[in-house]
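Q: Just so it is clear, I am handing over target-v1.pdb, which has PDB, C-alpha atoms and all ligand atoms.
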ATOM      1  CA  MET A 129     -91.879 -81.458  78.946
ATOM      2  CA  ILE A 130     -90.476 -78.171  77.663
ATOM      3  CA  PRO A 131     -88.667 -76.338  80.493
ATOM      4  CA  ARG A 132     -89.693 -72.845  81.523
ATOM      5  CA  PHE A 133     -87.254 -70.055  82.167
ATOM      6  CA  ALA A 134     -87.241 -66.518  83.540
ATOM      7  CA  VAL A 135     -85.588 -63.470  81.972
ATOM      8  CA  ASP A 136     -82.828 -63.641  84.577
ATOM      9  CA  SER A 137     -82.153 -67.387  84.106
ATOM     10  CA  ASP A 138     -78.547 -68.373  83.430
ATOM     11  CA  PRO A 139     -77.871 -67.390  79.774
ATOM     12  CA  ALA A 140     -75.886 -70.602  79.236
ATOM     13  CA  GLU A 141     -78.943 -72.642  80.291
ATOM     14  CA  LEU A 142     -81.204 -70.670  77.940
ATOM     15  CA  ALA A 143     -78.836 -71.222  75.027
ATOM     16  CA  ALA A 144     -78.434 -74.948  75.826
ATOM     17  CA  ALA A 145     -82.207 -75.557  76.030
ATOM     18  CA  TYR A 146     -82.812 -73.649  72.803
ATOM     19  CA  GLY A 147     -80.043 -75.569  71.005
ATOM     20  CA  ARG A 148     -81.530 -78.875  72.154
ATOM     21  CA  ASP A 149     -85.256 -78.190  71.674
ATOM     22  CA  GLY A 150     -85.391 -75.418  69.039
ATOM     23  CA  VAL A 151     -87.923 -73.719  71.307
ATOM     24  CA  LEU A 152     -87.455 -71.642  74.439
ATOM     25  CA  VAL A 153     -90.180 -70.572  76.873
ATOM     26  CA  VAL A 154     -89.414 -67.472  78.980
ATOM     27  CA  GLU A 155     -92.150 -66.509  81.424
ATOM     28  CA  ASP A 156     -92.919 -62.878  82.364
ATOM     29  CA  ALA A 157     -90.734 -61.635  79.515
ATOM     30  CA  ILE A 158     -92.866 -58.511  79.058
ATOM     31  CA  PRO A 159     -95.058 -56.783  81.631
ATOM     32  CA  SER A 160     -98.781 -57.371  81.714
ATOM     33  CA  ALA A 161     -99.292 -53.641  81.016
ATOM     34  CA  ASP A 162     -97.507 -54.065  77.649
ATOM     35  CA  CYS A 163     -99.883 -56.896  76.740
ATOM     36  CA  ASP A 164    -102.874 -54.725  77.627
ATOM     37  CA  ALA A 165    -101.492 -51.781  75.626
ATOM     38  CA  LEU A 166    -100.985 -53.926  72.527
ATOM     39  CA  ILE A 167    -104.447 -55.474  72.802
ATOM     40  CA  GLU A 168    -105.960 -51.984  73.079
ATOM     41  CA  ARG A 169    -103.973 -50.760  70.035
ATOM     42  CA  ALA A 170    -104.950 -53.841  68.045
ATOM     43  CA  HIS A 171    -108.641 -53.186  68.714
ATOM     44  CA  ALA A 172    -108.182 -49.510  67.774
ATOM     45  CA  ILE A 173    -106.591 -50.560  64.459
ATOM     46  CA  VAL A 174    -109.553 -52.838  63.767
ATOM     47  CA  ASP A 175    -111.986 -50.033  64.695
ATOM     48  CA  ALA A 176    -110.246 -47.699  62.229
ATOM     49  CA  TRP A 177    -110.150 -50.304  59.431
ATOM     50  CA  ASP A 178    -112.385 -49.569  56.465
ATOM     51  CA  PRO A 179    -113.342 -52.902  54.843
ATOM     52  CA  ALA A 180    -113.902 -50.997  51.576
ATOM     53  CA  GLU A 181    -110.130 -50.377  51.379
ATOM     54  CA  GLY A 182    -109.499 -54.083  51.177
ATOM     55  CA  ARG A 183    -110.284 -57.321  52.866
ATOM     56  CA  SER A 184    -108.772 -60.739  52.742
ATOM     57  CA  VAL A 185    -109.346 -64.068  54.421
ATOM     58  CA  PHE A 186    -106.211 -65.671  55.862
ATOM     59  CA  SER A 187    -106.333 -69.394  56.430
ATOM     60  CA  THR A 188    -103.533 -71.937  56.582
ATOM     61  CA  THR A 189    -105.978 -74.816  56.144
ATOM     62  CA  ALA A 190    -107.552 -73.394  52.939
ATOM     63  CA  PRO A 191    -104.920 -70.926  51.685
ATOM     64  CA  ARG A 192    -106.081 -68.471  49.035
ATOM     65  CA  HIS A 193    -104.257 -65.362  50.245
ATOM     66  CA  ALA A 194    -101.130 -65.986  48.103
ATOM     67  CA  SER A 195    -102.992 -64.836  45.018
ATOM     68  CA  ASP A 196    -104.427 -61.760  46.672
ATOM     69  CA  ALA A 197    -102.834 -58.297  46.314
ATOM     70  CA  TYR A 198    -104.133 -57.119  49.709
ATOM     71  CA  PHE A 199    -101.963 -59.845  51.290
ATOM     72  CA  ARG A 200     -99.006 -59.623  48.876
ATOM     73  CA  GLU A 201     -98.620 -55.863  49.399
ATOM     74  CA  SER A 202     -98.943 -55.984  53.189
ATOM     75  CA  GLY A 203     -95.278 -56.629  54.064
ATOM     76  CA  ASP A 204     -94.614 -52.943  54.792
ATOM     77  CA  LYS A 205     -98.100 -52.054  56.050
ATOM     78  CA  ILE A 206    -100.585 -52.822  58.808
ATOM     79  CA  ARG A 207    -103.523 -54.692  57.326
ATOM     80  CA  VAL A 208    -106.451 -56.660  58.703
ATOM     81  CA  PHE A 209    -106.990 -60.316  57.716
ATOM     82  CA  LEU A 210    -110.207 -62.158  58.460
ATOM     83  CA  GLU A 211    -111.135 -65.630  59.624
ATOM     84  CA  ASP A 212    -112.594 -68.013  57.080
ATOM     85  CA  GLY A 213    -115.568 -68.597  59.386
ATOM     86  CA  ALA A 214    -116.376 -64.872  59.702
ATOM     87  CA  VAL A 215    -117.400 -63.965  56.130
ATOM     88  CA  ASP A 216    -120.237 -65.015  53.849
ATOM     89  CA  ALA A 217    -119.985 -65.986  50.166
ATOM     90  CA  GLU A 218    -119.950 -62.299  49.162
ATOM     91  CA  GLY A 219    -117.148 -61.528  51.620
ATOM     92  CA  ALA A 220    -119.395 -59.632  54.085
ATOM     93  CA  LEU A 221    -118.724 -60.036  57.803
ATOM     94  CA  THR A 222    -121.111 -62.395  59.569
ATOM     95  CA  VAL A 223    -119.904 -61.526  63.083
ATOM     96  CA  ASP A 224    -118.724 -58.393  64.884
ATOM     97  CA  ARG A 225    -115.421 -57.209  63.370
ATOM     98  CA  HIS A 226    -113.586 -57.690  66.681
ATOM     99  CA  ARG A 227    -114.505 -61.385  66.568
ATOM    100  CA  ALA A 228    -113.767 -61.780  62.858
ATOM    101  CA  VAL A 229    -110.041 -61.083  62.700
ATOM    102  CA  ASN A 230    -107.507 -63.806  61.942
ATOM    103  CA  LYS A 231    -104.482 -61.510  62.174
ATOM    104  CA  LEU A 232    -103.023 -58.037  61.687
ATOM    105  CA  GLY A 233     -99.785 -57.735  59.738
ATOM    106  CA  HIS A 234     -97.075 -57.376  58.738
ATOM    107  CA  ALA A 235     -95.045 -54.289  59.771
ATOM    108  CA  MET A 236     -96.593 -53.500  63.151
ATOM    109  CA  HIS A 237     -93.100 -53.208  64.679
ATOM    110  CA  ASP A 238     -92.069 -50.353  62.403
ATOM    111  CA  LEU A 239     -95.314 -48.466  61.850
ATOM    112  CA  ASP A 240     -97.130 -48.394  65.183
ATOM    113  CA  PRO A 241     -95.438 -46.653  68.153
ATOM    114  CA  ASP A 242     -96.771 -49.099  70.764
ATOM    115  CA  PHE A 243     -95.770 -52.189  68.792
ATOM    116  CA  ASP A 244     -92.406 -50.561  67.989
ATOM    117  CA  ARG A 245     -91.740 -49.904  71.693
ATOM    118  CA  VAL A 246     -92.577 -53.440  72.823
ATOM    119  CA  SER A 247     -90.797 -55.088  69.857
ATOM    120  CA  ARG A 248     -87.625 -53.202  70.702
ATOM    121  CA  ARG A 249     -87.614 -53.845  74.437
ATOM    122  CA  PRO A 250     -83.979 -54.386  75.527
ATOM    123  CA  VAL A 251     -84.901 -57.717  77.130
ATOM    124  CA  LEU A 252     -85.849 -59.122  73.709
ATOM    125  CA  ALA A 253     -82.585 -57.898  72.159
ATOM    126  CA  ARG A 254     -80.706 -59.461  75.065
ATOM    127  CA  ILE A 255     -82.380 -62.858  74.599
ATOM    128  CA  ALA A 256     -81.681 -62.730  70.843
ATOM    129  CA  ALA A 257     -77.991 -62.075  71.581
ATOM    130  CA  THR A 258     -77.931 -64.901  74.168
ATOM    131  CA  LEU A 259     -79.267 -67.285  71.512
ATOM    132  CA  GLY A 260     -76.584 -66.222  69.033
ATOM    133  CA  ILE A 261     -78.812 -64.343  66.580
ATOM    134  CA  GLY A 262     -76.255 -62.109  64.881
ATOM    135  CA  ALA A 263     -77.190 -58.532  63.855
ATOM    136  CA  PRO A 264     -80.929 -59.305  63.900
ATOM    137  CA  LYS A 265     -83.178 -57.535  61.407
ATOM    138  CA  LEU A 266     -86.868 -57.407  62.305
ATOM    139  CA  VAL A 267     -88.686 -58.375  59.105
ATOM    140  CA  GLN A 268     -92.267 -59.279  60.034
ATOM    141  CA  SER A 269     -94.767 -58.833  62.845
ATOM    142  CA  MET A 270     -98.333 -59.994  63.360
ATOM    143  CA  VAL A 271    -101.073 -59.967  65.936
ATOM    144  CA  ILE A 272    -102.506 -63.463  65.810
ATOM    145  CA  TRP A 273    -106.070 -62.881  66.987
ATOM    146  CA  LYS A 274    -107.561 -66.405  67.496
ATOM    147  CA  PRO A 275    -111.029 -65.106  68.318
ATOM    148  CA  PRO A 276    -113.364 -67.173  70.498
ATOM    149  CA  ALA A 277    -115.156 -70.040  68.742
ATOM    150  CA  ILE A 278    -113.898 -69.327  65.196
ATOM    151  CA  GLY A 279    -110.135 -68.771  65.553
ATOM    152  CA  GLY A 280    -108.704 -71.114  62.911
ATOM    153  CA  ALA A 281    -105.921 -73.673  63.300
ATOM    154  CA  VAL A 282    -102.408 -72.856  62.089
ATOM    155  CA  VAL A 283    -101.142 -75.953  60.302
ATOM    156  CA  PRO A 284     -97.674 -77.224  61.238
ATOM    157  CA  HIS A 285     -95.014 -75.315  59.323
ATOM    158  CA  GLN A 286     -91.442 -74.023  59.521
ATOM    159  CA  ASP A 287     -91.009 -70.250  59.506
ATOM    160  CA  ALA A 288     -87.853 -70.620  57.385
ATOM    161  CA  ALA A 289     -90.150 -71.629  54.520
ATOM    162  CA  PHE A 290     -91.846 -68.216  54.516
ATOM    163  CA  LEU A 291     -88.932 -65.872  55.280
ATOM    164  CA  VAL A 292     -86.135 -67.226  53.137
ATOM    165  CA  THR A 293     -82.452 -66.471  53.703
ATOM    166  CA  ASP A 294     -79.281 -68.303  52.768
ATOM    167  CA  PRO A 295     -78.449 -69.956  55.096
ATOM    168  CA  PRO A 296     -81.873 -70.256  56.792
ATOM    169  CA  SER A 297     -81.796 -67.840  59.732
ATOM    170  CA  VAL A 298     -85.296 -66.732  60.738
ATOM    171  CA  THR A 299     -86.267 -66.819  64.415
ATOM    172  CA  GLY A 300     -89.775 -66.194  65.769
ATOM    173  CA  PHE A 301     -90.442 -64.326  69.015
ATOM    174  CA  TRP A 302     -94.035 -65.186  69.967
ATOM    175  CA  LEU A 303     -95.519 -63.248  72.888
ATOM    176  CA  ALA A 304     -98.692 -64.309  74.700
ATOM    177  CA  LEU A 305    -100.886 -61.215  75.073
ATOM    178  CA  GLU A 306    -103.458 -63.384  76.861
ATOM    179  CA  ASP A 307    -103.231 -66.741  78.601
ATOM    180  CA  ALA A 308    -102.959 -69.521  76.013
ATOM    181  CA  ASP A 309    -103.696 -73.154  76.822
ATOM    182  CA  GLU A 310    -104.943 -76.280  75.113
ATOM    183  CA  GLY A 311    -108.531 -75.033  75.468
ATOM    184  CA  ASN A 312    -108.073 -71.891  73.368
ATOM    185  CA  GLY A 313    -105.522 -73.096  70.828
ATOM    186  CA  CYS A 314    -102.054 -72.590  72.309
ATOM    187  CA  LEU A 315     -98.943 -73.191  70.219
ATOM    188  CA  ILE A 316     -97.872 -76.749  69.487
ATOM    189  CA  ALA A 317     -94.316 -77.655  68.467
ATOM    190  CA  GLN A 318     -92.051 -80.628  67.811
ATOM    191  CA  PRO A 319     -89.153 -80.368  70.301
ATOM    192  CA  GLY A 320     -85.849 -81.033  68.550
ATOM    193  CA  GLY A 321     -87.558 -80.857  65.138
ATOM    194  CA  HIS A 322     -85.321 -77.940  64.111
ATOM    195  CA  LYS A 323     -82.601 -80.529  63.467
ATOM    196  CA  GLY A 324     -84.643 -81.901  60.541
ATOM    197  CA  PRO A 325     -84.668 -80.591  56.977
ATOM    198  CA  LEU A 326     -86.358 -77.480  55.597
ATOM    199  CA  ARG A 327     -89.443 -78.915  53.850
ATOM    200  CA  GLN A 328     -90.726 -76.010  51.748
ATOM    201  CA  ARG A 329     -90.047 -72.516  50.412
ATOM    202  CA  PHE A 330     -92.723 -69.892  49.690
ATOM    203  CA  LEU A 331     -91.349 -67.604  46.997
ATOM    204  CA  ASP A 332     -92.361 -65.379  44.122
ATOM    205  CA  ARG A 333     -91.896 -67.283  40.897
ATOM    206  CA  ASP A 334     -92.938 -65.773  37.582
ATOM    207  CA  GLY A 335     -95.036 -63.111  39.277
ATOM    208  CA  GLY A 336     -96.942 -65.516  41.563
ATOM    209  CA  LEU A 337     -96.298 -66.727  45.114
ATOM    210  CA  SER A 338     -96.116 -70.475  45.528
ATOM    211  CA  LEU A 339     -94.853 -73.150  47.894
ATOM    212  CA  GLU A 340     -92.096 -75.346  46.525
ATOM    213  CA  THR A 341     -91.400 -78.704  48.218
ATOM    214  CA  LEU A 342     -87.718 -79.228  48.967
ATOM    215  CA  ASP A 343     -87.988 -82.313  51.158
ATOM    216  CA  ALA A 344     -91.117 -84.448  51.524
ATOM    217  CA  THR A 345     -90.228 -85.804  55.008
ATOM    218  CA  PRO A 346     -93.565 -85.686  56.863
ATOM    219  CA  TYR A 347     -93.904 -84.102  60.290
ATOM    220  CA  PRO A 348     -94.207 -86.898  62.893
ATOM    221  CA  ALA A 349     -97.913 -87.113  63.713
ATOM    222  CA  ASP A 350     -97.280 -87.793  67.419
ATOM    223  CA  GLY A 351     -94.218 -85.551  67.778
ATOM    224  CA  PHE A 352     -95.993 -82.314  68.739
ATOM    225  CA  VAL A 353     -96.410 -81.057  72.289
ATOM    226  CA  PRO A 354     -98.633 -78.215  73.502
ATOM    227  CA  LEU A 355     -96.887 -75.033  74.651
ATOM    228  CA  PRO A 356     -99.282 -73.375  77.096
ATOM    229  CA  ALA A 357     -98.168 -69.841  77.905
ATOM    230  CA  ARG A 358     -99.335 -67.331  80.476
ATOM    231  CA  LYS A 359     -99.872 -63.703  79.442
ATOM    232  CA  GLY A 360     -96.460 -62.019  79.052
ATOM    233  CA  THR A 361     -94.617 -65.253  78.153
ATOM    234  CA  LEU A 362     -92.116 -65.258  75.287
ATOM    235  CA  VAL A 363     -91.826 -68.395  73.166
ATOM    236  CA  VAL A 364     -88.771 -68.365  70.902
ATOM    237  CA  LEU A 365     -89.195 -70.574  67.823
ATOM    238  CA  HIS A 366     -86.227 -71.664  65.705
ATOM    239  CA  GLY A 367     -86.926 -71.100  62.000
ATOM    240  CA  LEU A 368     -86.685 -74.820  61.203
ATOM    241  CA  LEU A 369     -88.866 -75.908  64.135
ATOM    242  CA  PRO A 370     -92.194 -77.442  63.036
ATOM    243  CA  HIS A 371     -94.951 -75.641  64.947
ATOM    244  CA  GLY A 372     -98.561 -74.527  64.636
ATOM    245  CA  SER A 373    -101.678 -74.276  66.776
ATOM    246  CA  ALA A 374    -105.116 -75.843  67.063
ATOM    247  CA  ALA A 375    -108.340 -73.970  66.386
ATOM    248  CA  ASN A 376    -109.856 -71.954  69.207
ATOM    249  CA  THR A 377    -113.182 -73.622  69.937
ATOM    250  CA  SER A 378    -113.462 -72.032  73.391
ATOM    251  CA  PRO A 379    -115.388 -68.906  74.439
ATOM    252  CA  ARG A 380    -112.043 -67.232  75.314
ATOM    253  CA  SER A 381    -109.833 -65.291  72.925
ATOM    254  CA  ARG A 382    -106.131 -66.068  72.563
ATOM    255  CA  MET A 383    -104.301 -63.046  71.235
ATOM    256  CA  ALA A 384    -100.569 -63.230  70.591
ATOM    257  CA  TYR A 385     -97.978 -60.919  69.060
ATOM    258  CA  THR A 386     -95.310 -62.518  66.919
ATOM    259  CA  LEU A 387     -92.133 -60.931  65.638
ATOM    260  CA  HIS A 388     -89.812 -62.546  63.122
ATOM    261  CA  MET A 389     -86.160 -61.654  62.672
ATOM    262  CA  VAL A 390     -83.400 -62.813  60.362
ATOM    263  CA  ASP A 391     -79.653 -62.801  60.813
ATOM    264  CA  GLY A 392     -78.187 -59.698  59.176
ATOM    265  CA  ALA A 393     -75.257 -61.732  57.840
ATOM    266  CA  ALA A 394     -77.489 -64.155  55.904
ATOM    267  CA  ALA A 395     -78.530 -63.337  52.314
ATOM    268  CA  TRP A 396     -82.185 -62.243  51.981
ATOM    269  CA  HIS A 397     -83.773 -64.061  49.007
ATOM    270  CA  PRO A 398     -85.024 -61.534  46.426
ATOM    271  CA  GLY A 399     -88.113 -63.709  45.852
ATOM    272  CA  ASN A 400     -89.350 -63.320  49.441
ATOM    273  CA  TRP A 401     -92.984 -62.244  49.574
ATOM    274  CA  ILE A 402     -92.134 -59.420  52.018
ATOM    275  CA  ARG A 403     -90.760 -56.441  50.141
ATOM    276  CA  ARG A 404     -89.344 -53.177  51.448
ATOM    277  CA  ARG A 405     -88.627 -49.976  49.520
ATOM    278  CA  PRO A 406     -84.945 -48.907  49.563
ATOM    279  CA  ASP A 407     -85.884 -45.881  51.704
ATOM    280  CA  ASP A 408     -87.654 -48.134  54.250
ATOM    281  CA  PRO A 409     -85.148 -50.913  55.006
ATOM    282  CA  PHE A 410     -85.443 -53.580  57.712
ATOM    283  CA  ARG A 411     -84.080 -52.397  61.049
ATOM    284  CA  GLY A 412     -82.830 -54.192  64.144
ATOM    285  CA  PHE A 413     -83.861 -53.902  67.772
TER
HETATM  286  O1  LIG B   1    -100.024 -67.987  67.064
HETATM  287  C1  LIG B   1    -100.197 -68.997  66.408
HETATM  288  O2  LIG B   1    -101.173 -69.712  66.567
HETATM  289  C2  LIG B   1     -99.190 -69.432  65.356
HETATM  290  C3  LIG B   1     -98.050 -68.472  65.239
HETATM  291  C4  LIG B   1     -96.996 -68.897  64.286
HETATM  292  O3  LIG B   1     -97.069 -69.900  63.625
HETATM  293  C5  LIG B   1     -95.791 -68.075  64.176
HETATM  294  O4  LIG B   1     -95.658 -67.074  64.881
HETATM  295  O5  LIG B   1     -94.918 -68.441  63.359
END
So, in terms of C-alpha cells, how does the structure I just supplied come out?
A:
Amino acid sequence: MIPRFAVDSDPAELAAAYGRDGVLVVEDAIPSADCDALIERAHAIVDAWDPAEGRSVFSTTAPRHASDAYFRESGDKIRVFLEDGAVDAEGALTVDRHRAVNKLGHAMHDLDPDFDRVSRRPVLARIAATLGIGAPKLVQSMVIWKPPAIGGAVVPHQDAAFLVTDPPSVTGFWLALEDADEGNGCLIAQPGGHKGPLRQRFLDRDGGLSLETLDATPYPADGFVPLPARKGTLVVLHGLLPHGSAANTSPRSRMAYTLHMVDGAAAWHPGNWIRRRPDDPFRGF
C-alpha cells in the first residue's frame, strides 16, 4: 500500500517514502478551485482549436505520432492530440471534440497564464526541493484527458526514456484534476521500480524519432499497484519508475495535469524530441 501524505507532512518522511518507493502521493496539494480553473481552460483551448491547423492521434498502444510533424513540433506549443477511438479512417472526428481528446501538450506551463500559475505554485517548488530536485527546469506539461469510454491506456514506461539527461534526472508531478480510481483509469506504478535500469531512450536519430532499447529487463507483470487519487492530489513519479494507466471504460472522465522537470545540473541530450529556441529557454518554478 502506497502511503498518503499531506503538504505539511514531515519533509523527512516525504523524502524517505519517495526514496523507497519512487512515488509519493500528497493529498490536497492544490485547491479544488485550481483544478476547476484548469479544466475550464483546457475546454476553452479545445473550443478554440481549429482541426484544419493540424491534428494527430496520440496512442501509446499503437504509436504513430513519432513520425508526425504536428507532434514533433509541439514541444514549445499547446497542441491538441486525439484518441485513437475518436477518429475515422479519414481522420474526421466521430465524437464531440470534448470527448475526443487524448491530451494537450506540451508547453502549457509557459504559454497559458492559468497553467503557468498552478505549475509555479510555491508548494510544488517546496516539494521538489524536499525531494532533492536541484535547480529544477520545467520542460514539459500535458493535460491527460482520459475521456469517458474511449480514454486509452498508457502503457508502462519510464519518463527518463522520453526526457533524456545525463545522468537521468526527470521527475513527473502528476495532479488529479478530477477523482481518479480503478474505474476510470487511475495511474498504476511499480513501487521501488525506480531502482531498476533505464530500459529505453526516445531520441532523434538521423532526422527521425525512435525508441532505442538499452536494457531488455521486462516490467514485472504483477508488480504494479493502482494509485487512486482524489481531485487536487499530487503524485510525484521518479523518472525511472515504471508507471502507466489503464483505459477509461467508465462513463466518468479522468482529467489530470502532468508537469515534468529535469535537474538543471544534468546535461540535456541534444537529441531530445522537445526543442526550445535560444530565446525561449526552459525556466524553473
Ligand atoms: O495520466 C496518465 O494516465 C499517465 C501519465 C503519465 O504517464 C505521465 O505523466 O508520465
Q: Quick one: residues within 7 Å of Asp149 (chain A), only C-alpha atoms, excluding same-chain residues fewer than 2 positions away - as a short mmCIF file (atom, residue, chain, number, x, y, z; two decimals) with C-alpha atoms, in the coordinates of the input?
A:
data_model
loop_
_atom_site.label_atom_id
_atom_site.label_comp_id
_atom_site.auth_asym_id
_atom_site.auth_seq_id
_atom_site.Cartn_x
_atom_site.Cartn_y
_atom_site.Cartn_z
CA ALA A 145 -82.21 -75.56 76.03
CA TYR A 146 -82.81 -73.65 72.80
CA GLY A 147 -80.04 -75.57 71.00
CA VAL A 151 -87.92 -73.72 71.31
CA PRO A 319 -89.15 -80.37 70.30
CA GLY A 320 -85.85 -81.03 68.55
#
Q: Please write as a list of chain:residue names the full residue list that the PyMOL selection byres (((chain A and resi 242) around 8) and not hetatm) yields on this file.
A: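 Those residues are A:Ala165, A:Leu166, A:Arg169, A:Asp240, A:Pro241, A:Phe243, A:Asp244, A:Arg245, A:Val246.
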Q: Write to file, as an mmCIF file, in the frame of the given file, the residues of the selection just made, with C-alpha atoms.
A:
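File produced: part_16.cif:
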data_model
loop_
_atom_site.group_PDB
_atom_site.id
_atom_site.type_symbol
_atom_site.label_atom_id
_atom_site.label_comp_id
_atom_site.auth_asym_id
_atom_site.auth_seq_id
_atom_site.Cartn_x
_atom_site.Cartn_y
_atom_site.Cartn_z
ATOM 1 C CA ALA A 165 -101.492 -51.781 75.626
ATOM 2 C CA LEU A 166 -100.985 -53.926 72.527
ATOM 3 C CA ARG A 169 -103.973 -50.760 70.035
ATOM 4 C CA ASP A 240 -97.130 -48.394 65.183
ATOM 5 C CA PRO A 241 -95.438 -46.653 68.153
ATOM 6 C CA PHE A 243 -95.770 -52.189 68.792
ATOM 7 C CA ASP A 244 -92.406 -50.561 67.989
ATOM 8 C CA ARG A 245 -91.740 -49.904 71.693
ATOM 9 C CA VAL A 246 -92.577 -53.440 72.823
#
Q: Please extract the residues at most 10 Å from ligand LIG 1 (chain B), counting all atoms listed in the file, and provide them as a ChimeraX atom specification, using the chain letters and residue numbers of this document.
A: /A:188,230-231,268-274,279-288,290,299-304,308,312-317,363-367,369-376,382-388
Q: Export, as a short mmCIF file (atom, residue, chain, number, x, y, z; two decimals), in the frame of the given file, the selected residues with C-alpha atoms.
A:
data_model
loop_
_atom_site.label_atom_id
_atom_site.label_comp_id
_atom_site.auth_asym_id
_atom_site.auth_seq_id
_atom_site.Cartn_x
_atom_site.Cartn_y
_atom_site.Cartn_z
CA THR A 188 -103.53 -71.94 56.58
CA ASN A 230 -107.51 -63.81 61.94
CA LYS A 231 -104.48 -61.51 62.17
CA GLN A 268 -92.27 -59.28 60.03
CA SER A 269 -94.77 -58.83 62.84
CA MET A 270 -98.33 -59.99 63.36
CA VAL A 271 -101.07 -59.97 65.94
CA ILE A 272 -102.51 -63.46 65.81
CA TRP A 273 -106.07 -62.88 66.99
CA LYS A 274 -107.56 -66.40 67.50
CA GLY A 279 -110.14 -68.77 65.55
CA GLY A 280 -108.70 -71.11 62.91
CA ALA A 281 -105.92 -73.67 63.30
CA VAL A 282 -102.41 -72.86 62.09
CA VAL A 283 -101.14 -75.95 60.30
CA PRO A 284 -97.67 -77.22 61.24
CA HIS A 285 -95.01 -75.32 59.32
CA GLN A 286 -91.44 -74.02 59.52
CA ASP A 287 -91.01 -70.25 59.51
CA ALA A 288 -87.85 -70.62 57.38
CA PHE A 290 -91.85 -68.22 54.52
CA THR A 299 -86.27 -66.82 64.42
CA GLY A 300 -89.78 -66.19 65.77
CA PHE A 301 -90.44 -64.33 69.02
CA TRP A 302 -94.04 -65.19 69.97
CA LEU A 303 -95.52 -63.25 72.89
CA ALA A 304 -98.69 -64.31 74.70
CA ALA A 308 -102.96 -69.52 76.01
CA ASN A 312 -108.07 -71.89 73.37
CA GLY A 313 -105.52 -73.10 70.83
CA CYS A 314 -102.05 -72.59 72.31
CA LEU A 315 -98.94 -73.19 70.22
CA ILE A 316 -97.87 -76.75 69.49
CA ALA A 317 -94.32 -77.66 68.47
CA VAL A 363 -91.83 -68.40 73.17
CA VAL A 364 -88.77 -68.36 70.90
CA LEU A 365 -89.20 -70.57 67.82
CA HIS A 366 -86.23 -71.66 65.70
CA GLY A 367 -86.93 -71.10 62.00
CA LEU A 369 -88.87 -75.91 64.14
CA PRO A 370 -92.19 -77.44 63.04
CA HIS A 371 -94.95 -75.64 64.95
CA GLY A 372 -98.56 -74.53 64.64
CA SER A 373 -101.68 -74.28 66.78
CA ALA A 374 -105.12 -75.84 67.06
CA ALA A 375 -108.34 -73.97 66.39
CA ASN A 376 -109.86 -71.95 69.21
CA ARG A 382 -106.13 -66.07 72.56
CA MET A 383 -104.30 -63.05 71.24
CA ALA A 384 -100.57 -63.23 70.59
CA TYR A 385 -97.98 -60.92 69.06
CA THR A 386 -95.31 -62.52 66.92
CA LEU A 387 -92.13 -60.93 65.64
CA HIS A 388 -89.81 -62.55 63.12
#
Q: Can you translate the PyMOL selection byres (((chain A and resi 262) around 8) and not hetatm) into the concrete residues it hits in this file, as a PDB file with C-alpha atoms, keeping the file's coordinate frame?
A:
ATOM      1  CA  ALA A 257     -77.991 -62.075  71.581  1.00  0.00           C
ATOM      2  CA  GLY A 260     -76.584 -66.222  69.033  1.00  0.00           C
ATOM      3  CA  ILE A 261     -78.812 -64.343  66.580  1.00  0.00           C
ATOM      4  CA  ALA A 263     -77.190 -58.532  63.855  1.00  0.00           C
ATOM      5  CA  PRO A 264     -80.929 -59.305  63.900  1.00  0.00           C
ATOM      6  CA  ASP A 391     -79.653 -62.801  60.813  1.00  0.00           C
ATOM      7  CA  GLY A 392     -78.187 -59.698  59.176  1.00  0.00           C
ATOM      8  CA  ALA A 393     -75.257 -61.732  57.840  1.00  0.00           C
TER       9      ALA A 393
END
Q: Residues near Phe199 (chain A), anyone? I mean within 12 Å using all atoms listed in the file, not counting same-chain ones fewer than 5 positions away, as a ChimeraX atom specification.
A: /A:182-187,191-194,204-210,231-234,337,401-403
Q: Can you list, as a list in words, the residues that the PyMOL selection byres (((chain A and resi 254) around 12) and not hetatm) selects here?
A: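 Those residues are Val135, Asp136, Pro139, Leu142, Ala143, Ala157, Arg248, Arg249, Pro250, Val251, Leu252, Ala253, Ile255, Ala256, Ala257, Thr258, Leu259, Gly260, Ile261, Gly262, Ala263, Pro264 and Phe413 of chain A.
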Q: In Å, rounded to a single decimal, give me how far CA of Asp309 (chain A) is from CA of Phe352 (chain A).
A: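 Computing the Euclidean distance for CA of Phe352 (chain A) and CA of Asp309 (chain A) yields 14.4 Å.
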Q: Which of these residues is nearest to Val154 (chain A), using all atoms listed in the file: A:Pro325, A:Gly203, A:Pro354, A:Gly360?
A: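 Among A:Pro325, A:Gly203, A:Pro354, A:Gly360, it is A:Gly360 that comes nearest to Val154 (chain A).
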